[in-house]
Amino acid sequence: GDHGTILTIFHRDPHGGWRDARDYTDSSIRSGYFCGYDAHGNLFVDGAPKSKRAFGLAELKRHATSLTDVSVTQTITAPGQVQWDGQYVAIGDTGVTPSEIYRFAVSGSTATMTGSTILNGTKSVRQFWIDGTRVVGPDYDAGAGIFKYPAGGSAITQIMSVHGYGAAVSTASSSSRK
């Protein structure tokens with residue numbers, strides 16, 4: 001069939017190397033975009049579906065050998081970051097202006113929206129990073145903002161000199177740098 005790889009998972013061996021790469025396909029998603037684990041070791045991946053819809057979501061349950069399609073109760077125009085926020089699976093919509101992050105409770109094969117975070121003043125936040133009560137949102141090629149999470153609204157801080165695509169937050173303290 002026409003089932004391309006949308007996800008590859010590597011396992012780390014005890015010596016620090018990587019082994020046993022395993023590819024996963026999904027019959028309804030033609031290409032994977034972003035993925036993230038929840039607190040239980042389940043992996044969620046979003047992407048472009050093979051149908052005319054603009055968004056697809058699949059889950060690789062912990063210890064499972066295949067992906068399961070997850071129906072989503074909210075229309076998402078274009079796939080964005082997928083991240084566990086401590087309570088919900090947060091998924092970005094990069095196809096709306098301003099960019100928006102939706103929070104989903106997942107039960108079985110259904111993701112039910114429980115709330116949303118609007119990042120005012122943004123055009124295309126693709127790979128955000130949630131850090132507790134803050135979310136860092138690089139606006140594609142237009143600077144980055146730090147917003148309240150899950151409240152959203154206008155940026156608390158803006159870093160206009162950064163023109164990026166994605167963000168990650170380090171847990172290291174600045175005093176530990178050498």
# chains A, B, ... in the order shown; residues from 1 in each chain; ligands from 1
>>> residues_around(residues="A:Pro49", least_positions_apart="6", cutoff="6 Å", atoms="only C-alpha atoms", output="PyMOL selection string")
chain A and resi 28-30+55-56
>>> write_last_selection(atoms="N, CA and C atoms", output="CSV table (one decimal), in the first residue's frame")
chain,number,residue,atom,x,y,z
A,28,SER,N,-4.0,6.6,7.4
A,28,SER,CA,-4.7,7.8,7.1
A,28,SER,C,-3.8,9.1,7.1
A,29,ILE,N,-2.6,8.9,7.5
A,29,ILE,CA,-1.7,10.1,7.6
A,29,ILE,C,-0.6,9.9,6.6
A,30,ARG,N,-0.4,10.9,5.6
A,30,ARG,CA,0.6,10.7,4.6
A,30,ARG,C,2.0,11.2,5.1
A,55,PHE,N,-5.8,17.9,8.9
A,55,PHE,CA,-5.2,17.5,10.1
A,55,PHE,C,-5.5,16.1,10.4
A,56,GLY,N,-4.5,15.4,10.9
A,56,GLY,CA,-4.7,14.0,11.4
A,56,GLY,C,-3.9,13.8,12.7
>>> select_by_dssp(residues="stretch 9-175 of chain A", states="strand (DSSP E or B)", output="PyMOL selection string")
chain A and resi 9-12+18-25+29-37+43-49+56-60+68-72+79-84+89-93+100-107+110-119+125+127+129-131+134-139+144-148+152-159+166
>>> residues_around(residues="A:Ala167", least_positions_apart="2", cutoff="12 Å", atoms="only C-alpha atoms", output="PyMOL selection string")
chain A and resi 81+83+125-131+135-140+143-146+162-165+169-170
>>> write_last_selection(atoms="N, CA, C and O atoms", output="CSV table (one decimal), in the first residue's frame")
chain,number,residue,atom,x,y,z
A,81,GLN,N,3.0,22.0,16.9
A,81,GLN,CA,3.6,21.3,18.0
A,81,GLN,C,2.7,20.4,18.8
A,81,GLN,O,1.5,20.8,18.9
A,83,GLN,N,2.6,18.6,22.6
A,83,GLN,CA,3.4,18.5,23.8
A,83,GLN,C,2.4,18.3,25.0
A,83,GLN,O,1.3,18.8,25.0
A,125,VAL,N,3.1,30.3,14.8
A,125,VAL,CA,3.9,29.6,15.8
A,125,VAL,C,3.8,28.1,15.5
A,125,VAL,O,2.7,27.6,15.6
A,126,ARG,N,4.9,27.5,15.1
A,126,ARG,CA,4.8,26.1,14.6
A,126,ARG,C,5.3,25.2,15.7
A,126,ARG,O,4.6,24.2,16.0
A,127,GLN,N,6.4,25.5,16.4
A,127,GLN,CA,6.9,24.6,17.4
A,127,GLN,C,7.1,25.4,18.7
A,127,GLN,O,8.2,25.9,19.0
A,128,PHE,N,6.1,25.5,19.5
A,128,PHE,CA,6.1,26.2,20.8
A,128,PHE,C,6.8,25.3,21.8
A,128,PHE,O,7.0,24.1,21.6
A,129,TRP,N,7.0,25.8,23.0
A,129,TRP,CA,7.5,25.0,24.1
A,129,TRP,C,6.8,25.5,25.4
A,129,TRP,O,6.9,26.6,25.8
A,130,ILE,N,6.0,24.6,26.1
A,130,ILE,CA,5.4,24.9,27.3
A,130,ILE,C,6.3,24.6,28.5
A,130,ILE,O,6.9,23.5,28.5
A,131,ASP,N,6.5,25.6,29.3
A,131,ASP,CA,7.3,25.5,30.5
A,131,ASP,C,6.4,25.9,31.7
A,131,ASP,O,6.5,27.1,32.1
A,135,VAL,N,4.6,29.8,28.0
A,135,VAL,CA,4.8,29.1,26.7
A,135,VAL,C,5.7,30.0,25.8
A,135,VAL,O,5.4,31.2,25.7
A,136,VAL,N,6.8,29.4,25.3
A,136,VAL,CA,7.6,30.2,24.4
A,136,VAL,C,7.1,29.9,23.0
A,136,VAL,O,7.0,28.7,22.6
A,137,GLY,N,6.8,31.0,22.2
A,137,GLY,CA,6.3,30.8,20.9
A,137,GLY,C,7.0,31.5,19.8
A,137,GLY,O,6.8,32.7,19.6
A,138,PRO,N,8.0,30.9,19.1
A,138,PRO,CA,8.7,31.5,18.0
A,138,PRO,C,7.7,31.7,16.9
A,138,PRO,O,7.1,30.7,16.4
A,139,ASP,N,7.5,32.9,16.4
A,139,ASP,CA,6.6,33.2,15.3
A,139,ASP,C,7.5,33.1,14.1
A,139,ASP,O,8.4,33.9,13.9
A,140,TYR,N,7.2,32.2,13.2
A,140,TYR,CA,8.1,31.9,12.1
A,140,TYR,C,8.6,33.1,11.4
A,140,TYR,O,7.9,33.9,10.8
A,143,GLY,N,10.5,36.8,15.1
A,143,GLY,CA,10.7,37.0,16.5
A,143,GLY,C,10.0,35.9,17.4
A,143,GLY,O,9.4,35.0,16.8
A,144,ALA,N,10.2,36.0,18.7
A,144,ALA,CA,9.6,35.0,19.6
A,144,ALA,C,9.0,35.7,20.7
A,144,ALA,O,9.5,36.7,21.2
A,145,GLY,N,7.9,35.1,21.2
A,145,GLY,CA,7.2,35.7,22.4
A,145,GLY,C,7.1,34.7,23.5
A,145,GLY,O,7.2,33.5,23.3
A,146,ILE,N,7.0,35.2,24.7
A,146,ILE,CA,6.8,34.4,25.9
A,146,ILE,C,5.4,34.8,26.4
A,146,ILE,O,5.1,36.0,26.6
A,162,VAL,N,15.4,37.2,17.5
A,162,VAL,CA,15.4,35.7,17.2
A,162,VAL,C,14.4,35.5,16.1
A,162,VAL,O,13.2,35.8,16.2
A,163,HIS,N,14.8,34.9,15.0
A,163,HIS,CA,13.9,34.5,13.9
A,163,HIS,C,14.1,33.0,13.7
A,163,HIS,O,14.9,32.5,13.0
A,164,GLY,N,13.2,32.3,14.4
A,164,GLY,CA,13.3,30.9,14.4
A,164,GLY,C,12.0,30.1,14.1
A,164,GLY,O,11.0,30.7,13.7
A,165,TYR,N,12.1,28.8,14.2
A,165,TYR,CA,11.0,27.9,13.9
A,165,TYR,C,10.5,27.2,15.1
A,165,TYR,O,9.3,27.0,15.3
A,169,VAL,N,13.1,24.5,26.2
A,169,VAL,CA,13.5,25.2,27.4
A,169,VAL,C,14.4,24.3,28.2
A,169,VAL,O,14.1,23.2,28.4
A,170,SER,N,15.5,24.9,28.6
A,170,SER,CA,16.5,24.2,29.4
A,170,SER,C,16.2,24.2,30.8
A,170,SER,O,15.7,25.3,31.3
>>> residues_around(residues="stretch 36-43 of chain A", least_positions_apart="4", cutoff="9 Å", atoms="only C-alpha atoms", output="VMD selection string")
chain A and resid 58 to 64 81 to 89
>>> write_last_selection(atoms="all heavy atoms", output="CSV table (one decimal), in the first residue's frame")
chain,number,residue,atom,x,y,z
A,58,ALA,N,-2.5,10.7,15.5
A,58,ALA,CA,-2.4,9.2,15.8
A,58,ALA,C,-1.7,9.1,17.1
A,58,ALA,O,-0.9,10.0,17.5
A,58,ALA,CB,-1.7,8.5,14.7
A,59,GLU,N,-1.9,7.9,17.7
A,59,GLU,CA,-1.3,7.7,19.0
A,59,GLU,C,-0.6,6.3,19.0
A,59,GLU,O,-1.1,5.3,18.4
A,59,GLU,CB,-2.3,7.6,20.1
A,59,GLU,CG,-1.8,7.3,21.5
A,59,GLU,CD,-2.9,7.2,22.6
A,59,GLU,OE1,-4.1,7.1,22.3
A,59,GLU,OE2,-2.5,7.1,23.8
A,60,LEU,N,0.6,6.3,19.5
A,60,LEU,CA,1.3,5.0,19.7
A,60,LEU,C,1.3,4.8,21.2
A,60,LEU,O,2.0,5.4,22.0
A,60,LEU,CB,2.8,5.1,19.2
A,60,LEU,CG,3.6,3.8,19.4
A,60,LEU,CD1,3.0,2.7,18.6
A,60,LEU,CD2,5.0,4.1,19.0
A,61,LYS,N,0.3,3.9,21.6
A,61,LYS,CA,0.2,3.6,23.0
A,61,LYS,C,1.5,2.9,23.5
A,61,LYS,O,2.1,2.2,22.8
A,61,LYS,CB,-1.0,2.8,23.3
A,61,LYS,CG,-2.3,3.5,23.0
A,61,LYS,CD,-3.5,2.6,23.5
A,61,LYS,CE,-4.8,3.3,23.1
A,61,LYS,NZ,-5.1,4.5,23.7
A,62,ARG,N,1.8,3.2,24.8
A,62,ARG,CA,3.0,2.6,25.4
A,62,ARG,C,3.0,1.1,25.2
A,62,ARG,O,2.0,0.4,25.4
A,62,ARG,CB,3.0,2.9,26.9
A,62,ARG,CG,4.3,2.4,27.5
A,62,ARG,CD,4.3,2.8,29.0
A,62,ARG,NE,5.6,2.4,29.6
A,62,ARG,CZ,5.8,2.5,30.8
A,62,ARG,NH1,4.9,2.9,31.7
A,62,ARG,NH2,7.0,2.1,31.3
A,63,HIS,N,4.1,0.5,24.7
A,63,HIS,CA,4.3,-0.9,24.4
A,63,HIS,C,3.5,-1.4,23.2
A,63,HIS,O,3.5,-2.6,22.9
A,63,HIS,CB,4.0,-1.8,25.6
A,63,HIS,CG,4.9,-1.4,26.8
A,63,HIS,ND1,6.2,-1.4,26.8
A,63,HIS,CD2,4.5,-1.1,28.1
A,63,HIS,CE1,6.7,-1.1,28.0
A,63,HIS,NE2,5.7,-0.9,28.8
A,64,ALA,N,2.8,-0.5,22.5
A,64,ALA,CA,2.0,-0.9,21.3
A,64,ALA,C,3.0,-1.1,20.1
A,64,ALA,O,4.1,-0.6,20.1
A,64,ALA,CB,0.9,0.1,21.0
A,81,GLN,N,3.0,22.0,16.9
A,81,GLN,CA,3.6,21.3,18.0
A,81,GLN,C,2.7,20.4,18.8
A,81,GLN,O,1.5,20.8,18.9
A,81,GLN,CB,4.3,22.3,18.9
A,81,GLN,CG,4.9,21.7,20.2
A,81,GLN,CD,6.2,21.0,19.9
A,81,GLN,OE1,6.6,20.6,18.8
A,81,GLN,NE2,6.9,20.7,21.0
A,82,VAL,N,3.2,19.2,19.2
A,82,VAL,CA,2.4,18.4,20.1
A,82,VAL,C,3.2,18.2,21.4
A,82,VAL,O,4.4,17.9,21.4
A,82,VAL,CB,2.2,17.0,19.5
A,82,VAL,CG1,1.5,16.0,20.5
A,82,VAL,CG2,1.4,17.1,18.2
A,83,GLN,N,2.6,18.6,22.6
A,83,GLN,CA,3.4,18.5,23.8
A,83,GLN,C,2.4,18.3,25.0
A,83,GLN,O,1.3,18.8,25.0
A,83,GLN,CB,4.1,19.8,24.1
A,83,GLN,CG,5.0,19.8,25.3
A,83,GLN,CD,5.7,21.1,25.6
A,83,GLN,OE1,5.8,22.0,24.8
A,83,GLN,NE2,6.3,21.1,26.8
A,84,TRP,N,2.8,17.4,25.9
A,84,TRP,CA,2.1,17.2,27.1
A,84,TRP,C,2.3,18.4,28.0
A,84,TRP,O,3.4,18.8,28.3
A,84,TRP,CB,2.6,15.9,27.8
A,84,TRP,CG,1.9,15.5,29.1
A,84,TRP,CD1,2.5,15.5,30.3
A,84,TRP,CD2,0.6,15.0,29.3
A,84,TRP,NE1,1.6,15.1,31.2
A,84,TRP,CE2,0.4,14.8,30.6
A,84,TRP,CE3,-0.5,14.8,28.4
A,84,TRP,CZ2,-0.7,14.3,31.2
A,84,TRP,CZ3,-1.6,14.3,28.9
A,84,TRP,CH2,-1.8,14.1,30.3
A,85,ASP,N,1.2,18.9,28.6
A,85,ASP,CA,1.4,20.1,29.4
A,85,ASP,C,1.3,19.8,30.9
A,85,ASP,O,1.2,20.7,31.7
A,85,ASP,CB,0.4,21.2,29.0
A,85,ASP,CG,-1.1,20.9,29.4
A,85,ASP,OD1,-1.3,19.9,30.0
A,85,ASP,OD2,-1.9,21.8,29.1
A,86,GLY,N,1.3,18.5,31.2
A,86,GLY,CA,1.2,18.1,32.6
A,86,GLY,C,-0.2,17.6,32.9
A,86,GLY,O,-0.4,16.9,33.9
A,87,GLN,N,-1.2,18.0,32.1
A,87,GLN,CA,-2.6,17.5,32.3
A,87,GLN,C,-3.2,17.1,31.0
A,87,GLN,O,-4.0,16.2,31.0
A,87,GLN,CB,-3.4,18.6,33.0
A,87,GLN,CG,-4.8,18.1,33.4
A,87,GLN,CD,-5.5,19.2,34.2
A,87,GLN,OE1,-5.0,20.3,34.4
A,87,GLN,NE2,-6.7,18.8,34.7
A,88,TYR,N,-2.9,17.8,29.9
A,88,TYR,CA,-3.5,17.6,28.6
A,88,TYR,C,-2.5,17.5,27.5
A,88,TYR,O,-1.4,18.0,27.7
A,88,TYR,CB,-4.5,18.8,28.3
A,88,TYR,CG,-5.6,18.9,29.3
A,88,TYR,CD1,-5.6,20.0,30.2
A,88,TYR,CD2,-6.7,18.0,29.3
A,88,TYR,CE1,-6.6,20.1,31.1
A,88,TYR,CE2,-7.7,18.2,30.2
A,88,TYR,CZ,-7.7,19.2,31.1
A,88,TYR,OH,-8.7,19.4,32.0
A,89,VAL,N,-2.9,16.9,26.4
A,89,VAL,CA,-2.1,17.0,25.2
A,89,VAL,C,-2.4,18.3,24.5
A,89,VAL,O,-3.5,18.6,24.1
A,89,VAL,CB,-2.5,15.8,24.2
A,89,VAL,CG1,-1.6,15.9,22.9
A,89,VAL,CG2,-2.2,14.5,24.9
>>> residues_around(residues="stretch 18-23 of chain A", least_positions_apart="6", cutoff="12 Å", atoms="only C-alpha atoms", output="PDB file with N, CA and C atoms, in the first residue's frame")
ATOM      1  N   HIS A   3       1.568   3.457   2.246  1.00  0.00           N
ATOM      2  CA  HIS A   3       1.696   3.860   3.647  1.00  0.00           C
ATOM      3  C   HIS A   3       3.148   4.221   3.922  1.00  0.00           C
ATOM      4  N   GLY A   4       3.488   5.493   3.834  1.00  0.00           N
ATOM      5  CA  GLY A   4       4.848   5.936   4.115  1.00  0.00           C
ATOM      6  C   GLY A   4       5.096   6.049   5.610  1.00  0.00           C
ATOM      7  N   THR A   5       6.366   6.030   5.975  1.00  0.00           N
ATOM      8  CA  THR A   5       6.749   6.182   7.374  1.00  0.00           C
ATOM      9  C   THR A   5       6.394   7.581   7.855  1.00  0.00           C
ATOM     10  N   ILE A   6       5.689   7.667   8.983  1.00  0.00           N
ATOM     11  CA  ILE A   6       5.401   8.982   9.562  1.00  0.00           C
ATOM     12  C   ILE A   6       6.131   9.163  10.887  1.00  0.00           C
ATOM     13  N   LEU A   7       6.736   8.083  11.410  1.00  0.00           N
ATOM     14  CA  LEU A   7       7.376   8.143  12.715  1.00  0.00           C
ATOM     15  C   LEU A   7       8.444   7.059  12.792  1.00  0.00           C
ATOM     16  N   THR A   8       9.629   7.416  13.291  1.00  0.00           N
ATOM     17  CA  THR A   8      10.680   6.436  13.543  1.00  0.00           C
ATOM     18  C   THR A   8      11.124   6.600  14.984  1.00  0.00           C
ATOM     19  N   ILE A   9      11.193   5.497  15.704  1.00  0.00           N
ATOM     20  CA  ILE A   9      11.619   5.530  17.107  1.00  0.00           C
ATOM     21  C   ILE A   9      12.901   4.726  17.237  1.00  0.00           C
ATOM     22  N   PHE A  10      13.896   5.314  17.894  1.00  0.00           N
ATOM     23  CA  PHE A  10      15.169   4.662  18.162  1.00  0.00           C
ATOM     24  C   PHE A  10      15.248   4.348  19.648  1.00  0.00           C
ATOM     25  N   HIS A  11      15.884   3.255  19.996  1.00  0.00           N
ATOM     26  CA  HIS A  11      16.086   2.897  21.400  1.00  0.00           C
ATOM     27  C   HIS A  11      17.551   3.112  21.742  1.00  0.00           C
ATOM     28  N   ARG A  12      17.808   3.636  22.928  1.00  0.00           N
ATOM     29  CA  ARG A  12      19.171   3.895  23.373  1.00  0.00           C
ATOM     30  C   ARG A  12      19.699   2.652  24.060  1.00  0.00           C
ATOM     31  N   GLY A  32       4.072  12.755   8.850  1.00  0.00           N
ATOM     32  CA  GLY A  32       4.030  13.206  10.230  1.00  0.00           C
ATOM     33  C   GLY A  32       4.730  14.542  10.380  1.00  0.00           C
ATOM     34  N   LEU A  60       0.617   6.260  19.499  1.00  0.00           N
ATOM     35  CA  LEU A  60       1.324   5.000  19.702  1.00  0.00           C
ATOM     36  C   LEU A  60       1.275   4.757  21.202  1.00  0.00           C
ATOM     37  N   THR A  65       2.475  -1.864  19.137  1.00  0.00           N
ATOM     38  CA  THR A  65       3.281  -2.119  17.947  1.00  0.00           C
ATOM     39  C   THR A  65       2.760  -1.367  16.728  1.00  0.00           C
ATOM     40  N   SER A  66       1.652  -0.637  16.890  1.00  0.00           N
ATOM     41  CA  SER A  66       1.129   0.135  15.763  1.00  0.00           C
ATOM     42  C   SER A  66       0.428   1.396  16.252  1.00  0.00           C
ATOM     43  N   LEU A  67       0.307   2.340  15.344  1.00  0.00           N
ATOM     44  CA  LEU A  67      -0.376   3.602  15.625  1.00  0.00           C
ATOM     45  C   LEU A  67      -1.887   3.413  15.546  1.00  0.00           C
TER      46      LEU A  67
END
>>> atom_distance(atom1="atom CA of A:Ile159", atom2="atom CA of A:Gly95")
22.3 Å
>>> closest_residue(among="A:His15, A:Lys123, A:Arg53, A:Arg134", to="A:Pro150", atoms="only C-alpha atoms")
A:Arg134
>>> closest_residue(among="A:Ser154, A:Thr110, A:Ser27, A:Thr133", to="A:Pro98", atoms="only C-alpha atoms")
A:Ser154
>>> residues_around(residues="A:Glu100", least_positions_apart="4", cutoff="7 Å", atoms="only C-alpha atoms", output="ChimeraX atom specification")
/A:92-93,116-119
>>> atom_distance(atom1="atom CA of A:Ser107", atom2="atom CA of A:Lys148")
26.9 Å
>>> atom_distance(atom1="atom CA of A:Ala78", atom2="atom CA of A:Thr97")
11.3 Å
